[in-house]
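S.K.: My structure is in coords_10.pdb, and what it holds is PDB, C-alpha atoms:
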ATOM      1  CA  MET A   1     358.402 179.511  80.468
ATOM      2  CA  ALA A   2     356.349 182.657  80.000
ATOM      3  CA  GLU A   3     359.121 184.130  77.864
ATOM      4  CA  CYS A   4     357.488 182.186  75.030
ATOM      5  CA  ALA A   5     354.778 184.817  75.160
ATOM      6  CA  GLN A   6     356.858 187.202  73.021
ATOM      7  CA  TYR A   7     357.872 190.607  74.288
ATOM      8  CA  LEU A   8     356.464 192.791  77.017
ATOM      9  CA  TYR A   9     358.334 196.088  77.222
ATOM     10  CA  ASP A  10     358.218 198.469  74.235
ATOM     11  CA  SER A  11     356.276 201.647  74.899
ATOM     12  CA  ASN A  12     356.304 203.004  71.337
ATOM     13  CA  MET A  13     352.676 202.226  70.499
ATOM     14  CA  PRO A  14     351.445 204.871  68.022
ATOM     15  CA  ALA A  15     348.228 206.746  68.737
ATOM     16  CA  ARG A  16     346.748 206.010  65.285
ATOM     17  CA  PRO A  17     348.516 203.066  63.633
ATOM     18  CA  GLU A  18     348.007 202.561  59.898
ATOM     19  CA  THR A  19     347.390 198.855  60.538
ATOM     20  CA  VAL A  20     346.408 196.835  63.577
ATOM     21  CA  ARG A  21     349.593 196.187  65.516
ATOM     22  CA  SER A  22     350.438 193.050  67.476
ATOM     23  CA  TYR A  23     351.870 193.662  70.942
ATOM     24  CA  SER A  24     352.476 191.692  74.067
ATOM     25  CA  LEU A  25     351.126 194.208  76.566
ATOM     26  CA  TYR A  26     349.799 197.569  75.413
ATOM     27  CA  GLY A  27     352.684 197.962  73.000
ATOM     28  CA  GLU A  28     355.526 196.820  75.170
ATOM     29  CA  ALA A  29     358.353 194.605  73.995
ATOM     30  CA  GLY A  30     360.194 192.888  76.803
ATOM     31  CA  HIS A  31     359.742 189.364  78.121
ATOM     32  CA  LEU A  32     356.797 188.421  80.318
ATOM     33  CA  PRO A  33     358.854 187.562  83.395
ATOM     34  CA  ASP A  34     356.240 186.173  85.757
ATOM     35  CA  VAL A  35     353.289 183.844  86.247
ATOM     36  CA  MET A  36     351.132 186.752  85.108
ATOM     37  CA  HIS A  37     351.279 190.512  84.796
ATOM     38  CA  CYS A  38     349.176 192.859  86.921
ATOM     39  CA  GLU A  39     348.969 196.624  86.682
ATOM     40  CA  THR A  40     346.480 199.431  87.184
ATOM     41  CA  ILE A  41     344.506 200.854  84.279
ATOM     42  CA  ALA A  42     346.037 204.247  84.956
ATOM     43  CA  GLU A  43     349.616 202.974  84.967
ATOM     44  CA  ARG A  44     349.776 202.668  81.190
ATOM     45  CA  SER A  45     346.754 204.650  80.014
ATOM     46  CA  VAL A  46     348.034 207.925  81.424
ATOM     47  CA  LEU A  47     351.078 207.588  79.131
ATOM     48  CA  HIS A  48     348.762 207.634  76.103
ATOM     49  CA  ASP A  49     346.301 210.350  77.185
ATOM     50  CA  TRP A  50     343.913 207.627  78.405
ATOM     51  CA  GLU A  51     343.419 206.252  74.880
ATOM     52  CA  LEU A  52     344.917 202.951  73.690
ATOM     53  CA  ALA A  53     344.901 202.482  69.915
ATOM     54  CA  PRO A  54     343.594 199.271  68.279
ATOM     55  CA  HIS A  55     346.056 196.425  68.776
ATOM     56  CA  ARG A  56     346.162 192.707  69.516
ATOM     57  CA  HIS A  57     348.188 190.253  71.605
ATOM     58  CA  ASP A  58     349.179 187.101  69.768
ATOM     59  CA  ARG A  59     349.836 184.965  72.848
ATOM     60  CA  LEU A  60     348.374 186.859  75.788
ATOM     61  CA  HIS A  61     344.917 186.794  77.401
ATOM     62  CA  GLN A  62     343.701 189.793  79.410
ATOM     63  CA  LEU A  63     341.006 190.546  81.965
ATOM     64  CA  LEU A  64     340.322 194.188  82.852
ATOM     65  CA  LEU A  65     338.237 195.288  85.840
ATOM     66  CA  MET A  66     337.085 198.904  86.084
ATOM     67  CA  ARG A  67     336.546 200.067  89.671
ATOM     68  CA  SER A  68     335.718 203.741  88.988
ATOM     69  CA  GLY A  69     335.482 206.071  86.039
ATOM     70  CA  GLY A  70     334.211 205.125  82.621
ATOM     71  CA  GLY A  71     334.994 204.865  78.949
ATOM     72  CA  MET A  72     334.568 202.777  75.838
ATOM     73  CA  ALA A  73     336.043 199.438  74.779
ATOM     74  CA  ARG A  74     336.376 198.230  71.220
ATOM     75  CA  LEU A  75     336.490 194.433  70.942
ATOM     76  CA  ASP A  76     336.956 193.374  67.329
ATOM     77  CA  HIS A  77     334.024 195.156  65.624
ATOM     78  CA  ASP A  78     331.955 195.942  68.739
ATOM     79  CA  GLU A  79     332.090 199.173  70.740
ATOM     80  CA  LEU A  80     330.900 198.781  74.321
ATOM     81  CA  ALA A  81     330.425 201.276  77.133
ATOM     82  CA  LEU A  82     332.429 200.786  80.325
ATOM     83  CA  ALA A  83     331.208 201.730  83.797
ATOM     84  CA  PRO A  84     332.282 200.917  87.350
ATOM     85  CA  ALA A  85     332.363 197.113  87.923
ATOM     86  CA  SER A  86     332.778 196.375  84.188
ATOM     87  CA  LEU A  87     334.846 193.236  83.612
ATOM     88  CA  VAL A  88     336.361 193.024  80.129
ATOM     89  CA  ASN A  89     337.508 189.700  78.679
ATOM     90  CA  VAL A  90     340.094 190.031  75.880
ATOM     91  CA  PRO A  91     341.013 186.631  74.391
ATOM     92  CA  ILE A  92     344.252 185.951  72.557
ATOM     93  CA  GLY A  93     344.256 187.585  69.125
ATOM     94  CA  THR A  94     341.268 189.893  69.706
ATOM     95  CA  VAL A  95     341.713 193.373  68.247
ATOM     96  CA  HIS A  96     340.903 195.795  71.037
ATOM     97  CA  ALA A  97     341.164 199.453  71.970
ATOM     98  CA  PHE A  98     340.184 201.567  74.969
ATOM     99  CA  ALA A  99     339.231 205.177  75.606
ATOM    100  CA  PHE A 100     339.074 205.870  79.347
ATOM    101  CA  GLU A 101     337.849 208.885  81.261
ATOM    102  CA  PRO A 102     340.859 210.577  82.913
ATOM    103  CA  GLY A 103     341.339 209.240  86.422
ATOM    104  CA  THR A 104     339.705 205.872  85.737
ATOM    105  CA  GLN A 105     340.799 203.230  88.248
ATOM    106  CA  GLY A 106     340.999 199.460  87.998
ATOM    107  CA  TRP A 107     343.323 196.597  87.117
ATOM    108  CA  VAL A 108     344.500 194.693  84.085
ATOM    109  CA  ILE A 109     345.544 191.040  84.502
ATOM    110  CA  THR A 110     347.544 189.430  81.688
ATOM    111  CA  LEU A 111     348.267 185.705  81.338
ATOM    112  CA  ALA A 112     350.513 184.074  78.744
ATOM    113  CA  ASP A 113     349.020 181.316  76.624
ATOM    114  CA  VAL A 114     351.290 178.718  78.253
ATOM    115  CA  VAL A 115     349.960 179.621  81.701
ATOM    116  CA  LEU A 116     346.389 179.672  80.393
ATOM    117  CA  ASP A 117     346.903 176.178  78.964
ATOM    118  CA  GLU A 118     348.183 174.902  82.316
ATOM    119  CA  LEU A 119     345.272 176.357  84.280
ATOM    120  CA  LEU A 120     342.548 175.302  81.819
ATOM    121  CA  ALA A 121     343.926 171.959  80.626
ATOM    122  CA  ARG A 122     341.012 170.070  82.206
ATOM    123  CA  ASP A 123     338.320 172.721  81.798
ATOM    124  CA  PRO A 124     337.155 172.967  78.171
ATOM    125  CA  GLU A 125     333.909 174.661  79.230
ATOM    126  CA  VAL A 126     335.847 177.480  80.888
ATOM    127  CA  ARG A 127     338.132 177.749  77.860
ATOM    128  CA  ARG A 128     335.088 178.131  75.594
ATOM    129  CA  ALA A 129     333.557 180.792  77.835
ATOM    130  CA  LEU A 130     336.769 182.805  77.710
ATOM    131  CA  ALA A 131     337.396 182.294  73.980
ATOM    132  CA  ARG A 132     335.099 185.147  72.932
ATOM    133  CA  PRO A 133     335.493 188.829  73.872
ATOM    134  CA  TRP A 134     332.845 190.326  76.134
ATOM    135  CA  VAL A 135     332.077 192.951  78.769
ATOM    136  CA  GLY A 136     330.195 191.815  81.880
ATOM    137  CA  GLN A 137     329.210 193.142  85.263
ATOM    138  CA  ALA A 138     331.508 191.965  88.064
ATOM    139  CA  ASP A 139     330.330 191.554  91.643
ATOM    140  CA  ALA A 140     332.036 192.425  94.928
ATOM    141  CA  ALA A 141     333.718 189.012  95.109
ATOM    142  CA  VAL A 142     335.523 189.568  91.788
ATOM    143  CA  ASP A 143     336.593 193.038  92.931
ATOM    144  CA  GLU A 144     337.973 191.600  96.167
ATOM    145  CA  LEU A 145     339.757 188.809  94.285
ATOM    146  CA  MET A 146     341.391 191.264  91.884
ATOM    147  CA  SER A 147     342.507 193.390  94.812
ATOM    148  CA  ARG A 148     344.094 190.386  96.544
ATOM    149  CA  LEU A 149     345.751 189.288  93.322
ATOM    150  CA  ALA A 150     347.258 192.757  92.868
ATOM    151  CA  GLN A 151     348.614 192.646  96.429
ATOM    152  CA  GLU A 152     350.177 189.218  95.930
ATOM    153  CA  TYR A 153     351.672 190.267  92.602
ATOM    154  CA  ALA A 154     353.359 193.292  94.171
ATOM    155  CA  LEU A 155     355.063 191.436  97.039
ATOM    156  CA  PRO A 156     357.936 188.885  96.916
ATOM    157  CA  SER A 157     356.240 186.586  99.429
ATOM    158  CA  PRO A 158     356.981 182.875  99.993
ATOM    159  CA  ALA A 159     355.091 180.587  97.574
ATOM    160  CA  ARG A 160     354.157 183.667  95.550
ATOM    161  CA  ALA A 161     354.016 181.829  92.198
ATOM    162  CA  LEU A 162     351.773 179.100  93.626
ATOM    163  CA  VAL A 163     349.394 181.642  95.162
ATOM    164  CA  LEU A 164     349.258 183.668  91.942
ATOM    165  CA  ARG A 165     348.387 180.546  89.966
ATOM    166  CA  GLY A 166     345.620 179.701  92.428
ATOM    167  CA  LEU A 167     344.172 183.215  92.383
ATOM    168  CA  GLY A 168     344.503 183.341  88.598
ATOM    169  CA  ALA A 169     342.626 180.048  88.227
ATOM    170  CA  THR A 170     339.872 181.337  90.511
ATOM    171  CA  LEU A 171     339.605 184.551  88.525
ATOM    172  CA  LEU A 172     339.291 182.629  85.258
ATOM    173  CA  GLY A 173     336.621 180.383  86.767
ATOM    174  CA  TRP A 174     334.585 183.270  88.119
ATOM    175  CA  ALA A 175     334.908 185.119  84.797
ATOM    176  CA  ALA A 176     333.610 182.021  83.004
ATOM    177  CA  ARG A 177     330.601 181.935  85.354
ATOM    178  CA  LEU A 178     329.953 185.581  84.571
ATOM    179  CA  ALA A 179     330.137 184.835  80.831
ATOM    180  CA  ALA A 180     327.674 181.962  81.215
ATOM    181  CA  ARG A 181     325.286 184.132  83.216
ATOM    182  CA  ASP A 182     325.343 186.901  80.616
ATOM    183  CA  ALA A 183     325.470 184.656  77.525
ATOM    184  CA  PRO A 184     322.819 185.406  74.903
ATOM    185  CA  ALA A 185     319.793 183.120  75.133
ATOM    186  CA  ALA A 186     320.049 182.457  71.390
ATOM    187  CA  GLU A 187     323.453 180.757  71.646
ATOM    188  CA  ASN A 188     323.692 177.997  69.028
ATOM    189  CA  LEU A 189     323.474 174.775  71.025
ATOM    190  CA  ALA A 190     324.135 172.656  67.936
ATOM    191  CA  GLU A 191     327.480 174.369  67.453
ATOM    192  CA  SER A 192     328.372 173.867  71.109
ATOM    193  CA  ARG A 193     327.533 170.169  70.864
ATOM    194  CA  LEU A 194     329.630 169.814  67.720
ATOM    195  CA  LEU A 195     332.575 171.458  69.465
ATOM    196  CA  ARG A 196     332.241 169.112  72.452
ATOM    197  CA  ARG A 197     332.214 166.096  70.118
ATOM    198  CA  PHE A 198     335.271 167.466  68.310
ATOM    199  CA  GLU A 199     337.103 167.984  71.611
ATOM    200  CA  SER A 200     336.295 164.428  72.672
ATOM    201  CA  LEU A 201     337.688 163.050  69.405
ATOM    202  CA  LEU A 202     340.724 165.313  69.760
ATOM    203  CA  GLU A 203     341.557 163.833  73.155
ATOM    204  CA  THR A 204     341.436 160.357  71.615
ATOM    205  CA  HIS A 205     343.220 160.980  68.328
ATOM    206  CA  PHE A 206     345.632 163.918  68.732
ATOM    207  CA  GLY A 207     348.477 161.399  68.981
ATOM    208  CA  ASP A 208     347.369 159.830  65.693
ATOM    209  CA  HIS A 209     347.942 163.115  63.857
ATOM    210  CA  TRP A 210     344.468 163.264  62.408
ATOM    211  CA  ARG A 211     343.955 166.185  60.037
ATOM    212  CA  VAL A 212     340.964 168.528  60.055
ATOM    213  CA  ALA A 213     339.440 166.454  57.247
ATOM    214  CA  ASP A 214     339.700 163.304  59.394
ATOM    215  CA  TYR A 215     337.834 164.888  62.295
ATOM    216  CA  ALA A 216     335.257 166.422  59.960
ATOM    217  CA  ARG A 217     334.587 163.069  58.311
ATOM    218  CA  GLU A 218     334.083 161.398  61.698
ATOM    219  CA  LEU A 219     331.713 164.199  62.721
ATOM    220  CA  ALA A 220     329.835 164.073  59.405
ATOM    221  CA  VAL A 221     330.479 167.731  58.573
ATOM    222  CA  THR A 222     332.711 169.521  56.091
ATOM    223  CA  PRO A 223     336.185 170.747  57.166
ATOM    224  CA  THR A 224     335.064 174.311  56.396
ATOM    225  CA  HIS A 225     332.024 174.020  58.666
ATOM    226  CA  LEU A 226     334.083 172.479  61.471
ATOM    227  CA  SER A 227     336.602 175.310  61.383
ATOM    228  CA  ARG A 228     333.838 177.903  61.247
ATOM    229  CA  VAL A 229     332.281 176.425  64.389
ATOM    230  CA  THR A 230     335.571 176.194  66.276
ATOM    231  CA  ARG A 231     336.353 179.824  65.423
ATOM    232  CA  SER A 232     332.902 180.954  66.528
ATOM    233  CA  VAL A 233     332.695 178.984  69.770
ATOM    234  CA  ALA A 234     336.323 178.334  70.763
ATOM    235  CA  GLY A 235     338.098 181.292  69.177
ATOM    236  CA  GLY A 236     340.416 179.373  66.837
ATOM    237  CA  SER A 237     340.449 177.259  63.699
ATOM    238  CA  ALA A 238     340.236 173.470  63.967
ATOM    239  CA  SER A 239     343.845 173.119  62.814
ATOM    240  CA  ARG A 240     344.973 175.568  65.489
ATOM    241  CA  LEU A 241     343.159 173.606  68.203
ATOM    242  CA  ILE A 242     344.687 170.357  66.930
ATOM    243  CA  ASP A 243     348.223 171.787  67.026
ATOM    244  CA  ALA A 244     347.593 173.362  70.446
ATOM    245  CA  ARG A 245     346.530 169.993  71.903
ATOM    246  CA  VAL A 246     349.675 168.280  70.593
ATOM    247  CA  VAL A 247     351.886 171.058  71.929
ATOM    248  CA  ARG A 248     350.149 170.974  75.313
ATOM    249  CA  GLU A 249     351.094 167.306  75.591
ATOM    250  CA  ALA A 250     354.639 168.134  74.493
ATOM    251  CA  ARG A 251     354.915 170.755  77.252
ATOM    252  CA  ARG A 252     353.998 168.126  79.826
ATOM    253  CA  HIS A 253     356.748 165.821  78.581
ATOM    254  CA  LEU A 254     359.260 168.676  78.553
ATOM    255  CA  ALA A 255     358.293 169.727  82.072
ATOM    256  CA  PHE A 256     357.857 166.410  83.822
ATOM    257  CA  THR A 257     360.153 163.902  82.073
ATOM    258  CA  ASN A 258     363.825 163.651  81.203
ATOM    259  CA  LEU A 259     363.091 162.412  77.685
ATOM    260  CA  SER A 260     365.146 164.006  74.943
ATOM    261  CA  ILE A 261     363.370 166.276  72.501
ATOM    262  CA  THR A 262     363.839 163.661  69.779
ATOM    263  CA  SER A 263     362.278 160.996  71.993
ATOM    264  CA  ILE A 264     359.354 163.288  72.804
ATOM    265  CA  ALA A 265     358.805 163.877  69.089
ATOM    266  CA  TYR A 266     358.656 160.138  68.424
ATOM    267  CA  THR A 267     356.444 159.571  71.483
ATOM    268  CA  LEU A 268     353.948 162.073  70.079
ATOM    269  CA  GLY A 269     353.916 160.353  66.705
ATOM    270  CA  PHE A 270     356.198 162.643  64.715
ATOM    271  CA  ALA A 271     358.359 160.786  62.197
ATOM    272  CA  ASP A 272     360.560 163.880  61.867
ATOM    273  CA  PRO A 273     361.781 165.630  65.062
ATOM    274  CA  ALA A 274     362.455 168.769  63.023
ATOM    275  CA  LEU A 275     358.767 168.940  62.087
ATOM    276  CA  PHE A 276     357.862 168.554  65.759
ATOM    277  CA  SER A 277     360.113 171.497  66.640
ATOM    278  CA  ARG A 278     358.548 173.651  63.926
ATOM    279  CA  VAL A 279     355.007 172.883  65.091
ATOM    280  CA  PHE A 280     355.977 173.532  68.718
ATOM    281  CA  ALA A 281     357.639 176.856  67.863
ATOM    282  CA  ARG A 282     354.657 178.001  65.799
ATOM    283  CA  VAL A 283     352.256 177.391  68.682
ATOM    284  CA  ALA A 284     354.406 178.222  71.724
ATOM    285  CA  GLY A 285     356.552 180.982  70.238
ATOM    286  CA  CYS A 286     359.834 179.276  71.139
ATOM    287  CA  SER A 287     361.620 176.010  70.432
ATOM    288  CA  PRO A 288     361.204 172.942  72.681
ATOM    289  CA  ARG A 289     364.792 173.401  73.836
ATOM    290  CA  GLN A 290     364.181 177.037  74.797
ATOM    291  CA  PHE A 291     360.979 176.066  76.579
ATOM    292  CA  ARG A 292     362.785 173.464  78.694
ATOM    293  CA  ARG A 293     365.634 175.861  79.501
ATOM    294  CA  GLN A 294     363.160 178.476  80.676
ATOM    295  CA  LEU A 295     361.476 175.900  82.916
ATOM    296  CA  GLU A 296     364.845 174.927  84.380
ATOM    297  CA  ALA A 297     365.723 178.580  84.973
ATOM    298  CA  ARG A 298     362.440 179.198  86.785
ATOM    299  CA  THR A 299     362.973 176.097  88.933
ATOM    300  CA  ALA A 300     366.509 177.182  89.800
ATOM    301  CA  ALA A 301     365.228 180.631  90.760
ATOM    302  CA  GLY A 302     362.694 179.045  93.110
ATOM    303  CA  ALA A 303     359.657 180.405  91.282
TER     304      ALA A 303
END
Any chance you could give the structure as structure tokens?

M.R.:
Amino acid sequence: MAECAQYLYDSNMPARPETVRSYSLYGEAGHLPDVMHCETIAERSVLHDWELAPHRHDRLHQLLLMRSGGGMARLDHDELALAPASLVNVPIGTVHAFAFEPGTQGWVITLADVVLDELLARDPEVRRALARPWVGQADAAVDELMSRLAQEYALPSPARALVLRGLGATLLGWAARLAARDAPAAENLAESRLLRRFESLLETHFGDHWRVADYARELAVTPTHLSRVTRSVAGGSASRLIDARVVREARRHLAFTNLSITSIAYTLGFADPALFSRVFARVAGCSPRQFRRQLEARTAAGA
């Protein structure tokens, strides 16, 4: 399933790229083979003289916890200082770079978008809190949780995948609490309310294939304003959120039913199964057939 998250193992990331590069994990290009990926800050940074050039991950979300040392983080256009107990949230698509002091210690947790969707399917508030990049101050509980997660990740224990999902969900929840605690007091409540109304309509009408203009008309705003708000608060355009909701429902059908892909397309309101496959591939990074095969392979392997 997580193979849809592009590649994970290609260590040829240039020190000063001419353009912002898109990578899966710090410039690697192999498949994400697990529920998540966990490694130390030093593990990859030392290969690049403790500096990671600006890059982005198209389908991966990262959380970085610094335990000791220091440095700087660039998140889109902001440069932020890092100190012990800094927790860095890097949403999907955020351009980011790091410059660490040699010897800096900590962990980096990476989750594919498909796993993030599973864990946050019923938690839009958490999704919103994690949709913007930020640096916060973690407490001892987050440090302990990260440590336990790293231990579980390293060992082939029984029920490992289930435990990793549970610890990952807890980490996301605690990070969202941290984001809410440190959120600016001037946050635009009107925009947040508009997003909540949009999400409510989306749950009702995603199967009706409403366009952005349809939602905007129902909300009494322009399509441009709606997309601006969704980008600002939720980290993606309105059309992207609409497609993501349809594909999330498709994943459930692929995972939990024996319906054919054509039948799933019709069930979700697509008149053309080929269009359904194109939309699914654009959002998930693989075809519905590949997605189902990867699920079957993980089940067979006892993950």

S.K.: Have a look at A:Leu162, A:Ala154, A:Ala83, A:Leu130 and name the one nearest to A:Ala175; count all atoms listed in the file.

M.R.: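 That would be A:Leu130, the residue with the smallest distance to A:Ala175.
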
S.K.: Given the file shown, enumerate the residues that the PyMOL selection byres ((chain A and resi 102-111) around 7) captures and present them as an NGL selection string.

M.R.: :A and (36-42 or 50 or 60-70 or 100-101 or 112-113 or 115-116)

S.K.: Rounded to one decimal in Å, what is the spacing between atom CA of A:Asn89 and atom CA of A:Arg251?

M.R.: 25.8 Å

S.K.: Exactly which residues make up the result of the PyMOL selection byres ((chain A and resi 97) around 6) on this file, given as an mmCIF file with C-alpha atoms, in the coordinates of the input?

M.R.:
data_model
loop_
_atom_site.group_PDB
_atom_site.id
_atom_site.type_symbol
_atom_site.label_atom_id
_atom_site.label_comp_id
_atom_site.auth_asym_id
_atom_site.auth_seq_id
_atom_site.Cartn_x
_atom_site.Cartn_y
_atom_site.Cartn_z
ATOM 1 C CA LEU A 52 344.917 202.951 73.690
ATOM 2 C CA ALA A 53 344.901 202.482 69.915
ATOM 3 C CA PRO A 54 343.594 199.271 68.279
ATOM 4 C CA ALA A 73 336.043 199.438 74.779
ATOM 5 C CA ARG A 74 336.376 198.230 71.220
ATOM 6 C CA HIS A 96 340.903 195.795 71.037
ATOM 7 C CA PHE A 98 340.184 201.567 74.969
#

S.K.: Pick the closest to A:Arg177 from A:Thr204, A:Thr222, A:Gln137, A:Gln290: which is it, counting all atoms listed in the file?

M.R.: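 For A:Arg177, the nearest of the given residues is A:Gln137.
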
S.K.: What are the centre and edge lengths in Å, to one decimal, of the axis-aligned box around all listed atoms of stretch 34-38 of chain A with 5 Å added on each side, as lines of an AutoDock Vina configuration file?

M.R.:
center_x = 352.7
center_y = 188.4
center_z = 85.9
size_x = 17.1
size_y = 19.0
size_z = 12.1

S.K.: Since I can't run it myself right now, could you work out what the PyMOL selection byres ((chain A and resi 118) around 10) selects here and report it as a PyMOL selection string?

M.R.: chain A and resi 113-117+119-122+165+169+248+251-252
